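Enquirer: Input file: coords-v9.cif. Contents: mmCIF, C-alpha atoms.
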```
data_upload
#
loop_
_atom_site.group_PDB
_atom_site.id
_atom_site.type_symbol
_atom_site.label_atom_id
_atom_site.label_comp_id
_atom_site.auth_asym_id
_atom_site.auth_seq_id
_atom_site.Cartn_x
_atom_site.Cartn_y
_atom_site.Cartn_z
ATOM 1 C CA MET A 22 -5.101 -1.528 -1.289
ATOM 2 C CA GLY A 23 -6.186 -5.134 -1.048
ATOM 3 C CA TRP A 24 -2.827 -6.406 -2.278
ATOM 4 C CA LEU A 25 -0.991 -4.258 0.223
ATOM 5 C CA ALA A 26 -3.254 -5.455 3.036
ATOM 6 C CA GLN A 27 -2.710 -9.067 2.058
ATOM 7 C CA TYR A 28 1.052 -8.531 1.845
ATOM 8 C CA ARG A 29 0.972 -7.073 5.359
ATOM 9 C CA GLY A 30 -0.787 -10.189 6.677
ATOM 10 C CA ILE A 31 -4.400 -9.007 6.634
ATOM 11 C CA ASN A 32 -6.808 -11.599 5.290
ATOM 12 C CA VAL A 33 -8.711 -10.159 2.319
ATOM 13 C CA GLU A 34 -12.146 -11.687 1.742
ATOM 14 C CA ILE A 35 -13.859 -10.124 -1.248
ATOM 15 C CA ASP A 36 -15.808 -11.463 -4.203
ATOM 16 C CA ASP A 37 -17.258 -8.721 -6.348
ATOM 17 C CA PRO A 38 -17.690 -8.430 -10.135
ATOM 18 C CA LEU A 39 -15.337 -5.419 -10.127
ATOM 19 C CA CYS A 40 -12.791 -7.106 -7.862
ATOM 20 C CA PRO A 41 -13.008 -10.898 -8.122
ATOM 21 C CA ARG A 42 -11.441 -13.124 -5.496
ATOM 22 C CA GLU A 43 -8.991 -14.553 -8.063
ATOM 23 C CA ILE A 44 -7.093 -11.255 -8.175
ATOM 24 C CA PHE A 45 -5.706 -11.936 -4.714
ATOM 25 C CA GLN A 46 -4.909 -15.559 -5.497
ATOM 26 C CA THR A 47 -2.912 -15.017 -8.688
ATOM 27 C CA HIS A 48 -0.933 -11.814 -8.104
ATOM 28 C CA GLN A 49 1.917 -11.711 -5.622
ATOM 29 C CA PHE A 50 3.403 -8.239 -5.617
ATOM 30 C CA VAL A 51 6.364 -7.492 -3.404
ATOM 31 C CA TYR A 52 6.261 -3.959 -2.059
ATOM 32 C CA PRO A 53 9.589 -2.335 -1.224
ATOM 33 C CA GLU A 54 10.412 -1.161 2.254
ATOM 34 C CA VAL A 55 10.552 2.565 2.889
ATOM 35 C CA ASP A 56 13.615 2.527 5.123
ATOM 36 C CA TRP A 57 15.340 4.950 2.760
ATOM 37 C CA ILE A 58 13.009 7.807 3.759
ATOM 38 C CA PRO A 59 14.611 10.067 6.396
ATOM 39 C CA GLU A 60 12.963 9.828 9.845
ATOM 40 C CA ASP A 61 11.966 13.503 9.896
ATOM 41 C CA LEU A 62 9.990 13.067 6.651
ATOM 42 C CA LYS A 63 8.150 9.827 7.442
ATOM 43 C CA ASP A 64 5.244 11.552 9.198
ATOM 44 C CA LYS A 65 4.830 14.283 6.546
ATOM 45 C CA THR A 66 2.095 14.303 3.915
ATOM 46 C CA TRP A 67 1.943 15.758 0.427
ATOM 47 C CA LYS A 68 0.106 18.752 1.922
ATOM 48 C CA ASP A 69 3.155 19.457 4.078
ATOM 49 C CA SER A 70 5.330 19.395 0.968
ATOM 50 C CA VAL A 71 3.053 21.777 -0.925
ATOM 51 C CA ALA A 72 2.894 24.142 2.042
ATOM 52 C CA GLY A 73 6.670 23.967 2.510
ATOM 53 C CA ASN A 74 6.357 22.404 5.984
ATOM 54 C CA TYR A 75 9.240 19.991 5.621
#
```
Would you mind writing the file's structure down as structure tokens?
Expert:
Amino acid sequence: MGWLAQYRGINVEIDDPLCPREIFQTHQFVYPEVDWIPEDLKDKTWKDSVAGNY
């Protein structure tokens, strides 16, 4: 979640033994856009899919 936030322009300030600050300084992941998802499905959740509400 921190990488995604940083990619979206949110400053991530964390320094914890389980999640050291260096993680956000050394990894630069590029997340793909989701433009390929049809408009009528973008607001659906997995619960909608399970319930057949799509």
Enquirer: Considering all atoms listed in the file, can you say which of A:Trp67, A:Asp36, A:Ala72, A:Ile44 comes closest to A:Trp24?
Expert: A:Ile44
Enquirer: So the first atom is atom CA of A:Met22 and the second is atom CA of A:Gly73; what is the distance between them in Å, to one decimal place?
Expert: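 Atom-to-atom, atom CA of A:Met22 to atom CA of A:Gly73, that is 28.3 Å.
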Enquirer: So which one's closest to A:Gly23, A:Cys40, A:Ser70, A:Ile58, A:Asp64? Using all atoms listed in the file, please.
Expert: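 Using all atoms listed in the file, A:Gly23 sits closest to A:Cys40.
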Enquirer: Quick one: axis-aligned box around all listed atoms of stretch 58-73 of chain A, 4 Å on every side, centre and edge lengths in Å to one decimal, written as AutoDock Vina command-line options.
Expert:
```
--center_x 7.4 --center_y 16.0 --center_z 4.5 --size_x 22.5 --size_y 24.3 --size_z 18.8
```
Enquirer: Once the PyMOL selection byres ((chain A and resi 29) around 12) is applied to the coordinates I shared, what remains selected? I want it as a PyMOL selection string.
Expert: chain A and resi 22-28+30-33+49-54
Enquirer: Output as a PDB file, in the coordinates of the input: stretch 32-43 of chain A, completed with all heavy atoms.
Expert:
```pdb
ATOM      1  N   ASN A  32      -6.043 -10.718   6.143  1.00  0.00           N
ATOM      2  CA  ASN A  32      -6.808 -11.599   5.290  1.00  0.00           C
ATOM      3  C   ASN A  32      -7.836 -10.791   4.501  1.00  0.00           C
ATOM      4  O   ASN A  32      -8.642 -10.069   5.072  1.00  0.00           O
ATOM      5  CB  ASN A  32      -7.506 -12.671   6.126  1.00  0.00           C
ATOM      6  CG  ASN A  32      -8.159 -13.718   5.260  1.00  0.00           C
ATOM      7  OD1 ASN A  32      -7.766 -13.917   4.119  1.00  0.00           O
ATOM      8  ND2 ASN A  32      -9.143 -14.394   5.806  1.00  0.00           N
ATOM      9  N   VAL A  33      -7.799 -10.896   3.181  1.00  0.00           N
ATOM     10  CA  VAL A  33      -8.711 -10.159   2.319  1.00  0.00           C
ATOM     11  C   VAL A  33      -9.772 -11.120   1.808  1.00  0.00           C
ATOM     12  O   VAL A  33      -9.479 -12.069   1.107  1.00  0.00           O
ATOM     13  CB  VAL A  33      -7.955  -9.512   1.132  1.00  0.00           C
ATOM     14  CG1 VAL A  33      -8.910  -8.811   0.201  1.00  0.00           C
ATOM     15  CG2 VAL A  33      -6.892  -8.560   1.637  1.00  0.00           C
ATOM     16  N   GLU A  34     -11.009 -10.877   2.180  1.00  0.00           N
ATOM     17  CA  GLU A  34     -12.146 -11.687   1.742  1.00  0.00           C
ATOM     18  C   GLU A  34     -13.072 -10.798   0.933  1.00  0.00           C
ATOM     19  O   GLU A  34     -13.799  -9.981   1.480  1.00  0.00           O
ATOM     20  CB  GLU A  34     -12.897 -12.262   2.958  1.00  0.00           C
ATOM     21  CG  GLU A  34     -12.113 -13.288   3.733  1.00  0.00           C
ATOM     22  CD  GLU A  34     -11.961 -14.605   2.978  1.00  0.00           C
ATOM     23  OE1 GLU A  34     -12.829 -14.931   2.152  1.00  0.00           O
ATOM     24  OE2 GLU A  34     -10.955 -15.281   3.206  1.00  0.00           O
ATOM     25  N   ILE A  35     -13.010 -10.925  -0.373  1.00  0.00           N
ATOM     26  CA  ILE A  35     -13.859 -10.124  -1.248  1.00  0.00           C
ATOM     27  C   ILE A  35     -14.192 -10.948  -2.484  1.00  0.00           C
ATOM     28  O   ILE A  35     -13.366 -11.712  -2.962  1.00  0.00           O
ATOM     29  CB  ILE A  35     -13.178  -8.796  -1.635  1.00  0.00           C
ATOM     30  CG1 ILE A  35     -14.148  -7.880  -2.356  1.00  0.00           C
ATOM     31  CG2 ILE A  35     -11.939  -9.032  -2.447  1.00  0.00           C
ATOM     32  CD1 ILE A  35     -13.643  -6.462  -2.502  1.00  0.00           C
ATOM     33  N   ASP A  36     -15.404 -10.818  -2.961  1.00  0.00           N
ATOM     34  CA  ASP A  36     -15.808 -11.463  -4.203  1.00  0.00           C
ATOM     35  C   ASP A  36     -16.863 -10.577  -4.836  1.00  0.00           C
ATOM     36  O   ASP A  36     -18.034 -10.619  -4.498  1.00  0.00           O
ATOM     37  CB  ASP A  36     -16.349 -12.864  -3.943  1.00  0.00           C
ATOM     38  CG  ASP A  36     -16.446 -13.674  -5.226  1.00  0.00           C
ATOM     39  OD1 ASP A  36     -15.851 -13.249  -6.241  1.00  0.00           O
ATOM     40  OD2 ASP A  36     -17.111 -14.713  -5.224  1.00  0.00           O
ATOM     41  N   ASP A  37     -16.406  -9.717  -5.731  1.00  0.00           N
ATOM     42  CA  ASP A  37     -17.258  -8.721  -6.348  1.00  0.00           C
ATOM     43  C   ASP A  37     -16.973  -8.733  -7.852  1.00  0.00           C
ATOM     44  O   ASP A  37     -15.840  -9.011  -8.252  1.00  0.00           O
ATOM     45  CB  ASP A  37     -16.921  -7.348  -5.758  1.00  0.00           C
ATOM     46  CG  ASP A  37     -17.858  -6.271  -6.243  1.00  0.00           C
ATOM     47  OD1 ASP A  37     -18.944  -6.134  -5.650  1.00  0.00           O
ATOM     48  OD2 ASP A  37     -17.505  -5.578  -7.220  1.00  0.00           O
ATOM     49  N   PRO A  38     -17.948  -8.454  -8.691  1.00  0.00           N
ATOM     50  CA  PRO A  38     -17.690  -8.430 -10.135  1.00  0.00           C
ATOM     51  C   PRO A  38     -16.560  -7.474 -10.533  1.00  0.00           C
ATOM     52  O   PRO A  38     -15.818  -7.742 -11.466  1.00  0.00           O
ATOM     53  CB  PRO A  38     -19.016  -7.967 -10.739  1.00  0.00           C
ATOM     54  CG  PRO A  38     -20.049  -8.336  -9.732  1.00  0.00           C
ATOM     55  CD  PRO A  38     -19.373  -8.219  -8.390  1.00  0.00           C
ATOM     56  N   LEU A  39     -16.408  -6.369  -9.816  1.00  0.00           N
ATOM     57  CA  LEU A  39     -15.337  -5.419 -10.127  1.00  0.00           C
ATOM     58  C   LEU A  39     -13.992  -5.823  -9.539  1.00  0.00           C
ATOM     59  O   LEU A  39     -12.947  -5.359  -9.979  1.00  0.00           O
ATOM     60  CB  LEU A  39     -15.713  -4.023  -9.623  1.00  0.00           C
ATOM     61  CG  LEU A  39     -16.926  -3.400 -10.301  1.00  0.00           C
ATOM     62  CD1 LEU A  39     -17.259  -2.068  -9.637  1.00  0.00           C
ATOM     63  CD2 LEU A  39     -16.690  -3.219 -11.782  1.00  0.00           C
ATOM     64  N   CYS A  40     -14.021  -6.671  -8.531  1.00  0.00           N
ATOM     65  CA  CYS A  40     -12.791  -7.106  -7.862  1.00  0.00           C
ATOM     66  C   CYS A  40     -12.958  -8.576  -7.471  1.00  0.00           C
ATOM     67  O   CYS A  40     -13.248  -8.887  -6.318  1.00  0.00           O
ATOM     68  CB  CYS A  40     -12.529  -6.240  -6.644  1.00  0.00           C
ATOM     69  SG  CYS A  40     -10.968  -6.601  -5.841  1.00  0.00           S
ATOM     70  N   PRO A  41     -12.800  -9.486  -8.421  1.00  0.00           N
ATOM     71  CA  PRO A  41     -13.008 -10.898  -8.122  1.00  0.00           C
ATOM     72  C   PRO A  41     -11.939 -11.452  -7.175  1.00  0.00           C
ATOM     73  O   PRO A  41     -10.820 -10.957  -7.105  1.00  0.00           O
ATOM     74  CB  PRO A  41     -12.936 -11.577  -9.486  1.00  0.00           C
ATOM     75  CG  PRO A  41     -12.202 -10.627 -10.360  1.00  0.00           C
ATOM     76  CD  PRO A  41     -12.441  -9.261  -9.813  1.00  0.00           C
ATOM     77  N   ARG A  42     -12.319 -12.473  -6.467  1.00  0.00           N
ATOM     78  CA  ARG A  42     -11.441 -13.124  -5.496  1.00  0.00           C
ATOM     79  C   ARG A  42     -10.127 -13.602  -6.121  1.00  0.00           C
ATOM     80  O   ARG A  42      -9.081 -13.598  -5.489  1.00  0.00           O
ATOM     81  CB  ARG A  42     -12.190 -14.303  -4.874  1.00  0.00           C
ATOM     82  CG  ARG A  42     -11.458 -15.049  -3.818  1.00  0.00           C
ATOM     83  CD  ARG A  42     -12.257 -16.235  -3.330  1.00  0.00           C
ATOM     84  NE  ARG A  42     -13.673 -15.925  -3.283  1.00  0.00           N
ATOM     85  CZ  ARG A  42     -14.395 -15.927  -2.170  1.00  0.00           C
ATOM     86  NH1 ARG A  42     -13.853 -16.255  -1.048  1.00  0.00           N
ATOM     87  NH2 ARG A  42     -15.670 -15.621  -2.207  1.00  0.00           N
ATOM     88  N   GLU A  43     -10.175 -14.007  -7.393  1.00  0.00           N
ATOM     89  CA  GLU A  43      -8.991 -14.553  -8.063  1.00  0.00           C
ATOM     90  C   GLU A  43      -7.839 -13.555  -8.149  1.00  0.00           C
ATOM     91  O   GLU A  43      -6.683 -13.939  -8.251  1.00  0.00           O
ATOM     92  CB  GLU A  43      -9.346 -15.038  -9.473  1.00  0.00           C
ATOM     93  CG  GLU A  43     -10.237 -16.251  -9.495  1.00  0.00           C
ATOM     94  CD  GLU A  43     -11.712 -15.926  -9.229  1.00  0.00           C
ATOM     95  OE1 GLU A  43     -12.138 -14.758  -9.442  1.00  0.00           O
ATOM     96  OE2 GLU A  43     -12.428 -16.837  -8.790  1.00  0.00           O
TER      97      GLU A  43
END
```
